[in-house]
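Here is the structure we will look at.
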Protein chains: 2
Amino acid sequence: MKDQYDVTVHPMDLYGLIVAARGDQPVDCLFENARLVNVFSGEIESRHIAVSGGYIVGFGDYETKERIDLAGRYVLPGFVDAHVHIESSMVAVSEFVRAVLPLGTTTVVADPHEIANVLGAEGIEYMLNEGKKQPMNLFFTLPSCVPATDMETAGAALDAEALAPFMANPQVPALGEMMNFPGVIHCDPLVLQKLELARNAGKPADGHAPGLSGKALNAYLSAGILSDHECTSRKEAKEKLAAGMHIMIREGTGAKNLDELLPMVNPLNAHQMMWCTDDRHPDDICRHGHIDEILRRAIHAGLPPVIAIQMATLNPARYFRLPRIGAIAPGMRADMVVTSDLNALAPERVYAGGRLAAEDGKMHPDIQIPVPAPCPSAIVVDPDRLDFQMPAGTKKVRVIEIIPDQLITRQQIVSIRLESGLALADPASDILKIAVVERHQGTGNIGKGFVKGFGLKQGAIASSVAHDSHNIVVVGTNDADMRAAVRHVVEMEGGLCAACDQSVRAELALPVAGLMSMDPLDTVRQKLDRLIAAAKAQGGRLADPFMALSFLALPVIPELKITDQGLFDVNQFVHVPVFVD
Amino acid sequence: MKDQYDVTVHPMDLYGLIVAARGDQPVDCLFENARLVNVFSGEIESRHIAVSGGYIVGFGDYETKERIDLAGRYVLPGFVDAHVHIESSMVAVSEFVRAVLPLGTTTVVADPHEIANVLGAEGIEYMLNEGKKQPMNLFFTLPSCVPATDMETAGAALDAEALAPFMANPQVPALGEMMNFPGVIHCDPLVLQKLELARNAGKPADGHAPGLSGKALNAYLSAGILSDHECTSRKEAKEKLAAGMHIMIREGTGAKNLDELLPMVNPLNAHQMMWCTDDRHPDDICRHGHIDEILRRAIHAGLPPVIAIQMATLNPARYFRLPRIGAIAPGMRADMVVTSDLNALAPERVYAGGRLAAEDGKMHPDIQIPVPAPCPSAIVVDPDRLDFQMPAGTKKVRVIEIIPDQLITRQQIVSIRLESGLALADPASDILKIAVVERHQGTGNIGKGFVKGFGLKQGAIASSVAHDSHNIVVVGTNDADMRAAVRHVVEMEGGLCAACDQSVRAELALPVAGLMSMDPLDTVRQKLDRLIAAAKAQGGRLADPFMALSFLALPVIPELKITDQGLFDVNQFVHVPVFVD
């Protein structure tokens with residue numbers, strides 16, 4: 001266990017820190033002539049910063065073993081991502097660290113919601129263990145909604161009793177986003193028990209309440225939920241802020257709220273705000289960055305740099321009660337970002353626990369990133385028993401209509417192509433087959449339906465990433481290619497695949513719970529590019545058909561979705577038949 | 001146990017709150033047309049505020065049992081005093097509440113340092129129990145320095161083991177001010193154990209480090225201490241703030257730092273600051289007020305009202321991690337101050353836990369203030385064995401010289417009046433006798449010496465309030481009146497007394513640990529006025545000779561002090577003889 005997870009620095013370490021701070025023995029390193037961005041005073045201060053034993057021990061002149069002259073460069077506290085699903089980057093924890101640490105992120109508060117829906121407590125333990133090995137700070141909130149819904153077959157169910165053993169862990173600062181806001185508002189005792197668990201441990205409960213307003217919001221907040229990262233309009237964010245929520249301004253890949261919410265930040269309310277990415281895909285991290293990108297854009301848009309940096313450092317550390325993190329001051333962990341220009345904010349050097357972790361965007365060769373530990377894939381599917389045939393009831397079917405760049409869908413009723421009593425895909429009209437293959441429990445469940453919007457003219461694409469239960473979802477122009485695609489996903493022990501004429505055209509293996517690769521982020525990005533190109537070659541017309549695919553099995557976002565148990569009408573909150581009169 | 005002390009609202013109460021917030025049943029009271037000072041948003045908002053079960057459950061229109069039209073008056077969260085010694089007001093907890101609650105203070109974080117030095121754990125328990133009965137929120141930090149020093153005989157010694165049973169108590173938000181900064185800096189294991197105790201409980205440790213700077217400050221902070229209320233200059237406060245300390249700006253009776261520190265507060269650093277009174281005497285509270293007075297003065301001096309109010313509400317609640325306190329928002333305890341003018345800031349109505357507690361500065365008759373429970377006085381002195389004779393060694397003696405309005409003293413060497421081999425007071429030269437009579441353990445210890453500055457021409461004054469061990473301290477022009485004064489203090493079971501010609505001229509009984517009266521604050525104030533008048537009639541020339549007296553036995557403030565074990569040279573940190581060659 002690394003010290004920074006614990007409220008307590010080990011007594012012997014504490015002794016060492018105090019002695020070093022006194023100046024009674026040389027410190028490890030003195031960073032001279034820094035322009036310190038001081039998040040406490042709100043000022044930029046010329047300082048020498050003394051570091052020893054991985055912690056900052058003082059400002060001033062110290063006898064030192066090593067000197068680094070920063071020659072007036074800025075030193076900022078390392079950045080904190082207040083809410084992120086590492087699974088969404090599709091890489092293992094180690095590779096996520098390798099991607100974001102050089103960008104100045106030295107702490108993330110990750111919600112292992114996806115892996116927990118696949119592997120339950122085993123998934124949380126896996127992430128905690130991986131997190132402890134890394135050269136930066138990884139905290140994990142406890143997933144509060146496993147399973148996410150009752151309308152699908154998930155890999156696990158975690159009630160308050162199952163979560164309790166994790167709650168005392170110092171690596172766990174909070175209960176994870178409480179998506180089940182109807183459960184809170186209607187006093188579902190199983191939901192309230194989870195909130196109590198957090199409160200009894202003196203830890204906050206993160207919220208997740210898109211669009212919640214008025215009395216329903218009041219009820220949600222009366223339960224003691226403290227934050228929200230789902231605000232998509234200033235009006236929504238202002239209501240939630242005024243009602244006491246900590247607002248995490250999110251700029252991810254799917255959901256981008258920065259431009260909308262930034263204008264509401266001011267010096268009198270910034271203490272209540274922080275940044276997060278929630279879900280950020282490999283391409284986005286590689287091309288644009290992580291929290292550093294949010295800071296650049298916020299500062300460019302006119303937010304005073306000190307406020308932007310407070311929101312990336314001190315504010316999340318305070319909210320999550322993370323001791324010794326989020327600032328540069330005596331007793332704080334020496335997580336520091338060095339940059340020459342506070343507007344361009346390119347992290348030239350990143351120090352984590354006092355060690356030079358990265359320089360000019362590259363990990364320092366002395367920093368050991370551990371090889372990701374193996375993890376069960378949880379793909380329990382017999383590929384020889386995949387049957388995508390759909391005996392026709394009537395000629396009319398419900399079709400899921402995709403709206404580009406949105407998670408919501410619409411329902412259409414269309415006439416379908418029939419052959420030998422079977423309903424078939426109709427690529428000419430962009431009516432494709434979609435199926436969700438249960439992969440956790442070997443039930444053999446396959447939910448089947450139709451979807452419009454992918455545009456594939458041939459072949460199929462499949463994915464074991466399918467929020468939130470992460471069954472295997474497949475879309476295709478014909479049953480044989482759907483089988484081939486799913487078969488390959490099973491053979492890879494999870495992953496993404498594009499198949500055509502029963503041969504694999506592109507692939508990305510995700511053997512960690514069927515969600516994460518063992519490859520570096522950049523490799524994953526390249527494989528994703530090839531997958532998207534393959535889908536385009538098959539006629540696909542979505543910018544990222546795999547992302548669209550991964551949200552079609554999420555039965556909490558309107559209007560029509562599909563689970564392993566069949567089509568689901570989210571507005572009526574019931575399963576519905578494919579065929580209509 | 002009242003809910004507000006606990007992180008957890010009782011599940012049944014939580015259920016009631018959520019149901020009320022939903023609007024499914026009428027709320028208890030709707031405060032209509034409020035101008036809410038919203039400490040989250042930093043804005044003043046027109047709101048209806050719904051209250052039920054003692055908590056705020058929502059903003060908006062609600063069906064309600066009772067309506068109160070505030071007609072545009074301002075509603076502020078109840079004020080928090082972040083650090084106060086209730087003992088310094090010389091009244092019992094109940095009477096303190098009766099004095100400050102009508103002034104808008106609905107929460108105090110009190111440090112029972114004085115009573116703990118007299119009664120140890122029993123004193124802490126007494127305060128916790130008294131606190132629980134009150135119609136406002138009383139939190140207590142755990143005294144970290146009992147005894148305050150080894151150079152005197154105190155009533156108790158509390159090590160980490162003795163404090164441990166209290167640390168989990170939800171009424172205890174922190175370890176109390178760590179005055180023993182040398183112990184921290186030099187890694188005294190007994191001191192570090194107390195800091196560990198707080199950290200293991202996830203609670204902050206308050207600091208107390210007057211003038212500490214540079215590497216010594218760095219060492220103190222590396223130990224994890226988080227706040228300071230002892231800053232007397234902007235330079236000191238700026239250094240401590242930049243080094244990460246939460247700054248409690250103190251405006252007490254003895255120490256007044258508001259005017260000096262106020263100019264440094266700005267929107268970028270205010271999140272790190274709060275208000276406190278530390279020690280405020282009855283006269284001050286009656287005439288000027290409490291936190292409300294600080295707010296009036298800060299706002300009058302130009303601090304934006306919202307920032308001043310954040311520092312009185314949200315900031316201390318966050319620092320001490322007090323759930324459901326410090327703001328007006330759904331789920332928060334309904335502690336509210338109503339006022340018509342944000343600049344004059346007269347608390348017209350004060351609501352505590354949703355009940356009207358006070359109106360126009362007077363407690364509401366429906367609010368029951370409990371009669372203070374009896375408490376041991378801990379006065380173990382045989383008045384027949386008081387011997388203040390001082391056989392003369394040489395003719396020259398060390399004299400404690402008082403500096404008016406300061407706690408520090410100087411040492412003078414003077415020639416003394418001798419008679420029959422005894423050294424006598426010399427009122428004509430303002431050289432009086434001073435003695436400290438040990439009162440806790442019946443040792444019979446009497447430390448004796450001389451003091452200059454009181455100006456008494458006749459009689460004596462005595463007090464069982466004598467920081468920090470609170471032995472009985474007496475100053476007099478002759479032994480007989482000193483005996484009479486101390487005898488009366490013993491007979492009152494603690495208190496203050498002025499005696500002349502062996503008769504009592506004025507008195508204040510302090511039977512609660514020899515520190516606190518059972519009388520109302522205003523009665524105590526009147527008795528104090530009479531005591532001061534009596535001392536003046538005896539020739540006294542200090543504005544408040546009893547306050548001066550109470551600090552002469554504090555052997556940690558330079559230069560020369562006196563304990564029950566004799567004269568103490570604080571600079572050399574050793575006991576020294578009265579007589580010099």
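FYI, nothing fancy with the structure tokens labels: chains A, B, ... in order, residues from 1 per chain, ligands from 1 as they appear.
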*Would you return as a PyMOL selection string the members of range 169-339 of chain A that DSSP assigns to alpha helix (DSSP H) on this structure's backbone?*
chain A and resi 181-185+189-200+214-222+234-242+258-261+282-287+291-300+305-312+314-319
Write out, as a PDB file, in the first residue's frame, the residues just selected, with C-alpha atoms.
```
ATOM      1  CA  PHE A 181     -31.850   8.080  -9.083  1.00  0.00           C
ATOM      2  CA  PRO A 182     -35.372   6.669  -9.252  1.00  0.00           C
ATOM      3  CA  GLY A 183     -34.269   4.196  -6.574  1.00  0.00           C
ATOM      4  CA  VAL A 184     -33.046   7.043  -4.369  1.00  0.00           C
ATOM      5  CA  ILE A 185     -36.098   9.199  -4.888  1.00  0.00           C
ATOM      6  CA  PRO A 189     -34.047   0.327   0.777  1.00  0.00           C
ATOM      7  CA  LEU A 190     -31.324  -1.523  -1.129  1.00  0.00           C
ATOM      8  CA  VAL A 191     -30.212   1.769  -2.656  1.00  0.00           C
ATOM      9  CA  LEU A 192     -30.401   3.730   0.601  1.00  0.00           C
ATOM     10  CA  GLN A 193     -28.283   1.039   2.259  1.00  0.00           C
ATOM     11  CA  LYS A 194     -25.465   1.803  -0.150  1.00  0.00           C
ATOM     12  CA  LEU A 195     -25.695   5.523   0.631  1.00  0.00           C
ATOM     13  CA  GLU A 196     -25.627   4.726   4.343  1.00  0.00           C
ATOM     14  CA  LEU A 197     -22.549   2.610   3.843  1.00  0.00           C
ATOM     15  CA  ALA A 198     -20.707   5.626   2.447  1.00  0.00           C
ATOM     16  CA  ARG A 199     -21.999   8.008   5.082  1.00  0.00           C
ATOM     17  CA  ASN A 200     -21.049   5.679   7.908  1.00  0.00           C
ATOM     18  CA  GLY A 214     -37.082  20.458  -9.056  1.00  0.00           C
ATOM     19  CA  LYS A 215     -38.536  18.261  -6.341  1.00  0.00           C
ATOM     20  CA  ALA A 216     -37.002  15.087  -7.733  1.00  0.00           C
ATOM     21  CA  LEU A 217     -33.575  16.717  -7.474  1.00  0.00           C
ATOM     22  CA  ASN A 218     -34.376  17.930  -3.959  1.00  0.00           C
ATOM     23  CA  ALA A 219     -35.271  14.377  -2.959  1.00  0.00           C
ATOM     24  CA  TYR A 220     -32.087  12.997  -4.510  1.00  0.00           C
ATOM     25  CA  LEU A 221     -30.011  15.566  -2.609  1.00  0.00           C
ATOM     26  CA  SER A 222     -31.840  15.104   0.668  1.00  0.00           C
ATOM     27  CA  ARG A 234     -25.832  25.817 -17.736  1.00  0.00           C
ATOM     28  CA  LYS A 235     -29.406  25.922 -16.503  1.00  0.00           C
ATOM     29  CA  GLU A 236     -29.122  22.379 -15.188  1.00  0.00           C
ATOM     30  CA  ALA A 237     -25.701  22.997 -13.659  1.00  0.00           C
ATOM     31  CA  LYS A 238     -26.821  26.212 -11.987  1.00  0.00           C
ATOM     32  CA  GLU A 239     -29.782  24.508 -10.371  1.00  0.00           C
ATOM     33  CA  LYS A 240     -27.621  21.659  -9.107  1.00  0.00           C
ATOM     34  CA  LEU A 241     -24.864  23.975  -7.896  1.00  0.00           C
ATOM     35  CA  ALA A 242     -27.309  26.188  -6.007  1.00  0.00           C
ATOM     36  CA  LEU A 258     -16.952  22.173 -21.275  1.00  0.00           C
ATOM     37  CA  ASP A 259     -18.012  24.869 -23.721  1.00  0.00           C
ATOM     38  CA  GLU A 260     -21.529  24.994 -22.307  1.00  0.00           C
ATOM     39  CA  LEU A 261     -20.620  25.029 -18.611  1.00  0.00           C
ATOM     40  CA  PRO A 282      -7.847   6.382 -26.949  1.00  0.00           C
ATOM     41  CA  ASP A 283      -7.940   8.551 -30.015  1.00  0.00           C
ATOM     42  CA  ASP A 284      -9.040  11.534 -27.952  1.00  0.00           C
ATOM     43  CA  ILE A 285      -6.332  11.048 -25.320  1.00  0.00           C
ATOM     44  CA  CYS A 286      -3.625  10.573 -27.948  1.00  0.00           C
ATOM     45  CA  ARG A 287      -4.659  13.513 -30.078  1.00  0.00           C
ATOM     46  CA  ILE A 291      -7.044  17.056 -17.950  1.00  0.00           C
ATOM     47  CA  ASP A 292      -4.242  19.171 -19.484  1.00  0.00           C
ATOM     48  CA  GLU A 293      -6.410  19.709 -22.550  1.00  0.00           C
ATOM     49  CA  ILE A 294      -9.352  20.843 -20.438  1.00  0.00           C
ATOM     50  CA  LEU A 295      -7.077  23.319 -18.651  1.00  0.00           C
ATOM     51  CA  ARG A 296      -5.704  24.704 -21.912  1.00  0.00           C
ATOM     52  CA  ARG A 297      -9.166  25.231 -23.294  1.00  0.00           C
ATOM     53  CA  ALA A 298     -10.563  26.736 -20.100  1.00  0.00           C
ATOM     54  CA  ILE A 299      -7.660  29.165 -19.808  1.00  0.00           C
ATOM     55  CA  HIS A 300      -7.844  29.987 -23.496  1.00  0.00           C
ATOM     56  CA  PRO A 305      -5.351  30.038 -14.714  1.00  0.00           C
ATOM     57  CA  VAL A 306      -5.274  29.778 -10.933  1.00  0.00           C
ATOM     58  CA  ILE A 307      -8.995  28.974 -10.814  1.00  0.00           C
ATOM     59  CA  ALA A 308      -8.704  26.451 -13.637  1.00  0.00           C
ATOM     60  CA  ILE A 309      -5.817  24.803 -11.800  1.00  0.00           C
ATOM     61  CA  GLN A 310      -7.619  24.825  -8.432  1.00  0.00           C
ATOM     62  CA  MET A 311     -10.437  22.942 -10.153  1.00  0.00           C
ATOM     63  CA  ALA A 312      -7.932  20.369 -11.400  1.00  0.00           C
ATOM     64  CA  LEU A 314      -7.238  21.234  -4.704  1.00  0.00           C
ATOM     65  CA  ASN A 315     -10.976  21.099  -5.342  1.00  0.00           C
ATOM     66  CA  PRO A 316     -11.229  17.395  -6.184  1.00  0.00           C
ATOM     67  CA  ALA A 317      -8.727  16.537  -3.438  1.00  0.00           C
ATOM     68  CA  ARG A 318     -10.913  18.366  -0.905  1.00  0.00           C
ATOM     69  CA  TYR A 319     -14.126  16.888  -2.208  1.00  0.00           C
TER      70      TYR A 319
END
```
_If the cut-off is 7 Å, can you tell me the residues of chain B near chain A, counting only C-alpha atoms? I'd like them as a PyMOL selection string._
chain B and resi 7-8+14-15+17-18+21-23+38+40-42+57-58+185+187+196+199-200+202+215-216+218-219+221-224+241-244+267-269+271-272+329-331
Applying 12 Å and only C-alpha atoms, which residues near Ile413 in chain A remain after dropping the ones on its own chain fewer than 6 positions away? List them as a CSV table (one decimal) with C-alpha atoms, in the first residue's frame.
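The resulting around-v1.csv:
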```csv
chain,number,residue,atom,x,y,z
A,394,THR,CA,-45.9,-10.2,-38.9
A,395,LYS,CA,-44.3,-8.1,-41.6
A,396,LYS,CA,-44.0,-5.0,-39.5
A,397,VAL,CA,-41.2,-4.7,-37.0
A,398,ARG,CA,-39.9,-2.2,-34.5
A,399,VAL,CA,-36.6,-0.7,-35.5
A,400,ILE,CA,-34.1,1.1,-33.4
A,401,GLU,CA,-33.2,4.3,-35.1
A,431,ILE,CA,-32.4,-2.1,-41.9
A,449,GLY,CA,-34.0,-7.0,-33.4
A,450,PHE,CA,-33.5,-4.5,-36.1
A,451,VAL,CA,-31.5,-1.3,-36.3
A,452,LYS,CA,-31.3,1.6,-38.7
A,560,LEU,CA,-35.8,1.8,-27.9
A,577,PRO,CA,-41.8,-7.7,-29.2
A,578,VAL,CA,-40.0,-7.0,-32.4
A,579,PHE,CA,-43.0,-7.8,-34.5
A,580,VAL,CA,-46.1,-5.6,-34.4
A,581,ASP,CA,-49.5,-5.9,-36.0
```
_All strand (DSSP E or B) positions in range 300-488 of chain A, as an NGL selection string_ = :A and (333 or 336-339 or 349-352 or 355-359 or 362-363 or 391 or 396-402 or 409-415 or 417-419 or 422-424 or 426 or 431-437 or 446-452 or 460-463 or 472-476)
*asked:* With only C-alpha atoms as the counted atoms, please give the residues lying no more than 9 Å from Asn478 in chain A, apart from itself and same-chain residues fewer than 4 positions off, as a VMD selection string.
replied: chain A and resid 388 424 to 425 432 to 433 458 to 460 482 to 483
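With only C-alpha atoms taken into account, the protein and nucleic acid residues at most 6 Å from range 136-140 of chain B (excluding it and anything under 6 positions from it in its own chain) are Thr106, Thr107, Val108, Val109, Ala110, Asp111, Gln171 and Val172 of chain B.
Atom to atom, CA of Lys256 in chain A and CA of Ile115 in chain A stand 23.5 Å apart.
Between CA of His208 in chain A and CA of Ser233 in chain A there is a distance of 14.5 Å.
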_To one decimal place in Å, what is the distance between CA of Thr409 in chain B and CA of Pro558 in chain B?_
6.1 Å
Counting only C-alpha atoms, which residues of range 402-503 of chain B fall within 10 Å of range 152-168 of chain B, and what is the closest atom pair for each with its distance in Å at one decimal, ordered by chain and rising number, as CSV?
```
residue,atom,partner,partner_atom,distance
B:Val436,CA,B:Glu152,CA,9.8
B:Val437,CA,B:Thr153,CA,9.9
B:Glu438,CA,B:Thr153,CA,6.7
B:Arg439,CA,B:Gly155,CA,8.1
B:His440,CA,B:Gly155,CA,5.1
B:Gln441,CA,B:Gly155,CA,7.0
B:Thr443,CA,B:Thr153,CA,8.9
B:Asn445,CA,B:Thr153,CA,8.7
B:Gly447,CA,B:Glu152,CA,9.6
B:Asp468,CA,B:Ala154,CA,8.1
B:Ser469,CA,B:Ala154,CA,4.7
B:His470,CA,B:Ala154,CA,7.4
B:Asn471,CA,B:Ala154,CA,7.6
```
Keeping only N, CA and C atoms, take the residues you just selected and write them out as a compact mmCIF listing (two decimals), in the first residue's frame.
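So the final result, stored in result-v1.txt, reads:
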```txt
# COMPACT_ATOMS: atom_id res chain seq x y z
N VAL B 436 0.87 31.33 43.43
CA VAL B 436 0.04 30.34 42.74
C VAL B 436 -0.15 29.16 43.68
N VAL B 437 -1.40 28.92 44.07
CA VAL B 437 -1.74 27.88 45.03
C VAL B 437 -2.25 26.66 44.25
N GLU B 438 -1.54 25.57 44.34
CA GLU B 438 -1.94 24.35 43.63
C GLU B 438 -3.30 23.91 44.15
N ARG B 439 -4.21 23.59 43.24
CA ARG B 439 -5.57 23.32 43.70
C ARG B 439 -6.14 21.98 43.26
N HIS B 440 -5.35 21.20 42.55
CA HIS B 440 -5.91 19.97 41.99
C HIS B 440 -5.66 18.75 42.86
N GLN B 441 -4.44 18.65 43.35
CA GLN B 441 -4.01 17.38 43.94
C GLN B 441 -3.71 17.46 45.42
N THR B 443 -1.34 19.06 46.91
CA THR B 443 0.10 19.00 47.20
C THR B 443 0.51 20.03 48.23
N ASN B 445 1.49 22.85 47.34
CA ASN B 445 2.43 23.73 46.62
C ASN B 445 1.92 25.17 46.58
N GLY B 447 3.64 28.56 44.80
CA GLY B 447 4.74 29.29 44.17
C GLY B 447 4.59 30.76 44.50
N ASP B 468 -2.53 27.56 32.05
CA ASP B 468 -3.54 26.63 31.52
C ASP B 468 -3.94 25.59 32.56
N SER B 469 -3.22 25.57 33.69
CA SER B 469 -3.53 24.54 34.68
C SER B 469 -4.59 24.98 35.67
N HIS B 470 -4.86 26.27 35.68
CA HIS B 470 -5.94 26.80 36.50
C HIS B 470 -5.79 26.48 37.97
N ASN B 471 -4.57 26.66 38.47
CA ASN B 471 -4.40 26.73 39.90
C ASN B 471 -4.94 28.09 40.36
```
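For Asp481 in chain B, the set of protein, DNA and RNA residues having any atom at most 7 Å away, when counting only C-alpha atoms and skipping those fewer than 4 positions along the same chain, is Gly459, Ala460, Gly476, Ala485, Ala499, Cys500, Asp501 and Gln502 of chain B.
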Using the selection just defined, write its residues with all heavy atoms as a PDB file, in the first residue's frame.
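Now in result-v6.pdb:
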```pdb
ATOM      1  N   GLY B 459      -5.329  45.557  49.830  1.00  0.00           N
ATOM      2  CA  GLY B 459      -6.088  44.361  49.559  1.00  0.00           C
ATOM      3  C   GLY B 459      -5.407  43.398  48.596  1.00  0.00           C
ATOM      4  O   GLY B 459      -4.199  43.491  48.343  1.00  0.00           O
ATOM      5  N   ALA B 460      -6.230  42.483  48.057  1.00  0.00           N
ATOM      6  CA  ALA B 460      -5.712  41.430  47.170  1.00  0.00           C
ATOM      7  C   ALA B 460      -6.817  41.000  46.214  1.00  0.00           C
ATOM      8  O   ALA B 460      -8.006  41.237  46.479  1.00  0.00           O
ATOM      9  CB  ALA B 460      -5.239  40.230  47.994  1.00  0.00           C
ATOM     10  N   GLY B 476      -1.393  40.459  45.891  1.00  0.00           N
ATOM     11  CA  GLY B 476      -1.849  41.270  47.016  1.00  0.00           C
ATOM     12  C   GLY B 476      -0.796  42.187  47.579  1.00  0.00           C
ATOM     13  O   GLY B 476       0.404  42.073  47.287  1.00  0.00           O
ATOM     14  N   ALA B 485      -8.600  36.404  50.322  1.00  0.00           N
ATOM     15  CA  ALA B 485      -9.096  36.276  48.944  1.00  0.00           C
ATOM     16  C   ALA B 485      -9.100  34.813  48.509  1.00  0.00           C
ATOM     17  O   ALA B 485     -10.083  34.306  47.958  1.00  0.00           O
ATOM     18  CB  ALA B 485      -8.238  37.127  47.997  1.00  0.00           C
ATOM     19  N   ALA B 499     -10.555  41.195  47.771  1.00  0.00           N
ATOM     20  CA  ALA B 499     -10.687  41.298  49.231  1.00  0.00           C
ATOM     21  C   ALA B 499      -9.850  42.467  49.718  1.00  0.00           C
ATOM     22  O   ALA B 499      -8.787  42.767  49.159  1.00  0.00           O
ATOM     23  CB  ALA B 499     -10.233  40.001  49.904  1.00  0.00           C
ATOM     24  N   CYS B 500     -10.335  43.113  50.787  1.00  0.00           N
ATOM     25  CA  CYS B 500      -9.592  44.228  51.367  1.00  0.00           C
ATOM     26  C   CYS B 500      -9.886  44.244  52.857  1.00  0.00           C
ATOM     27  O   CYS B 500     -11.041  44.020  53.263  1.00  0.00           O
ATOM     28  CB  CYS B 500     -10.014  45.532  50.695  1.00  0.00           C
ATOM     29  SG  CYS B 500      -8.874  46.889  50.984  1.00  0.00           S
ATOM     30  N   ASP B 501      -8.876  44.482  53.636  1.00  0.00           N
ATOM     31  CA  ASP B 501      -9.035  44.441  55.088  1.00  0.00           C
ATOM     32  C   ASP B 501      -9.722  43.148  55.514  1.00  0.00           C
ATOM     33  O   ASP B 501     -10.590  43.127  56.370  1.00  0.00           O
ATOM     34  CB  ASP B 501      -9.826  45.664  55.581  1.00  0.00           C
ATOM     35  CG  ASP B 501      -9.109  46.964  55.251  1.00  0.00           C
ATOM     36  OD1 ASP B 501      -7.850  46.935  55.163  1.00  0.00           O
ATOM     37  OD2 ASP B 501      -9.788  47.991  55.050  1.00  0.00           O
ATOM     38  N   GLN B 502      -9.319  42.096  54.865  1.00  0.00           N
ATOM     39  CA  GLN B 502      -9.785  40.743  55.157  1.00  0.00           C
ATOM     40  C   GLN B 502     -11.294  40.556  55.001  1.00  0.00           C
ATOM     41  O   GLN B 502     -11.880  39.645  55.574  1.00  0.00           O
ATOM     42  CB  GLN B 502      -9.311  40.295  56.544  1.00  0.00           C
ATOM     43  CG  GLN B 502      -7.790  40.223  56.588  1.00  0.00           C
ATOM     44  CD  GLN B 502      -7.266  39.949  57.979  1.00  0.00           C
ATOM     45  OE1 GLN B 502      -7.658  38.986  58.615  1.00  0.00           O
ATOM     46  NE2 GLN B 502      -6.380  40.821  58.446  1.00  0.00           N
TER      47      GLN B 502
END
```
*Do you know which residues are at most 10 Å from range 537-540 of chain A counting only C-alpha atoms, after dropping those on the same chain fewer than 3 positions away, and could you put them as a PyMOL selection string?*
chain A and resi 427+430+453-461+477+498-500+505+531-534+543-545
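Using only C-alpha atoms, the nearest neighbour of Ser377 in chain B within the list B:Thr313, B:Val504, B:Val489, B:Ala352 is B:Val489.
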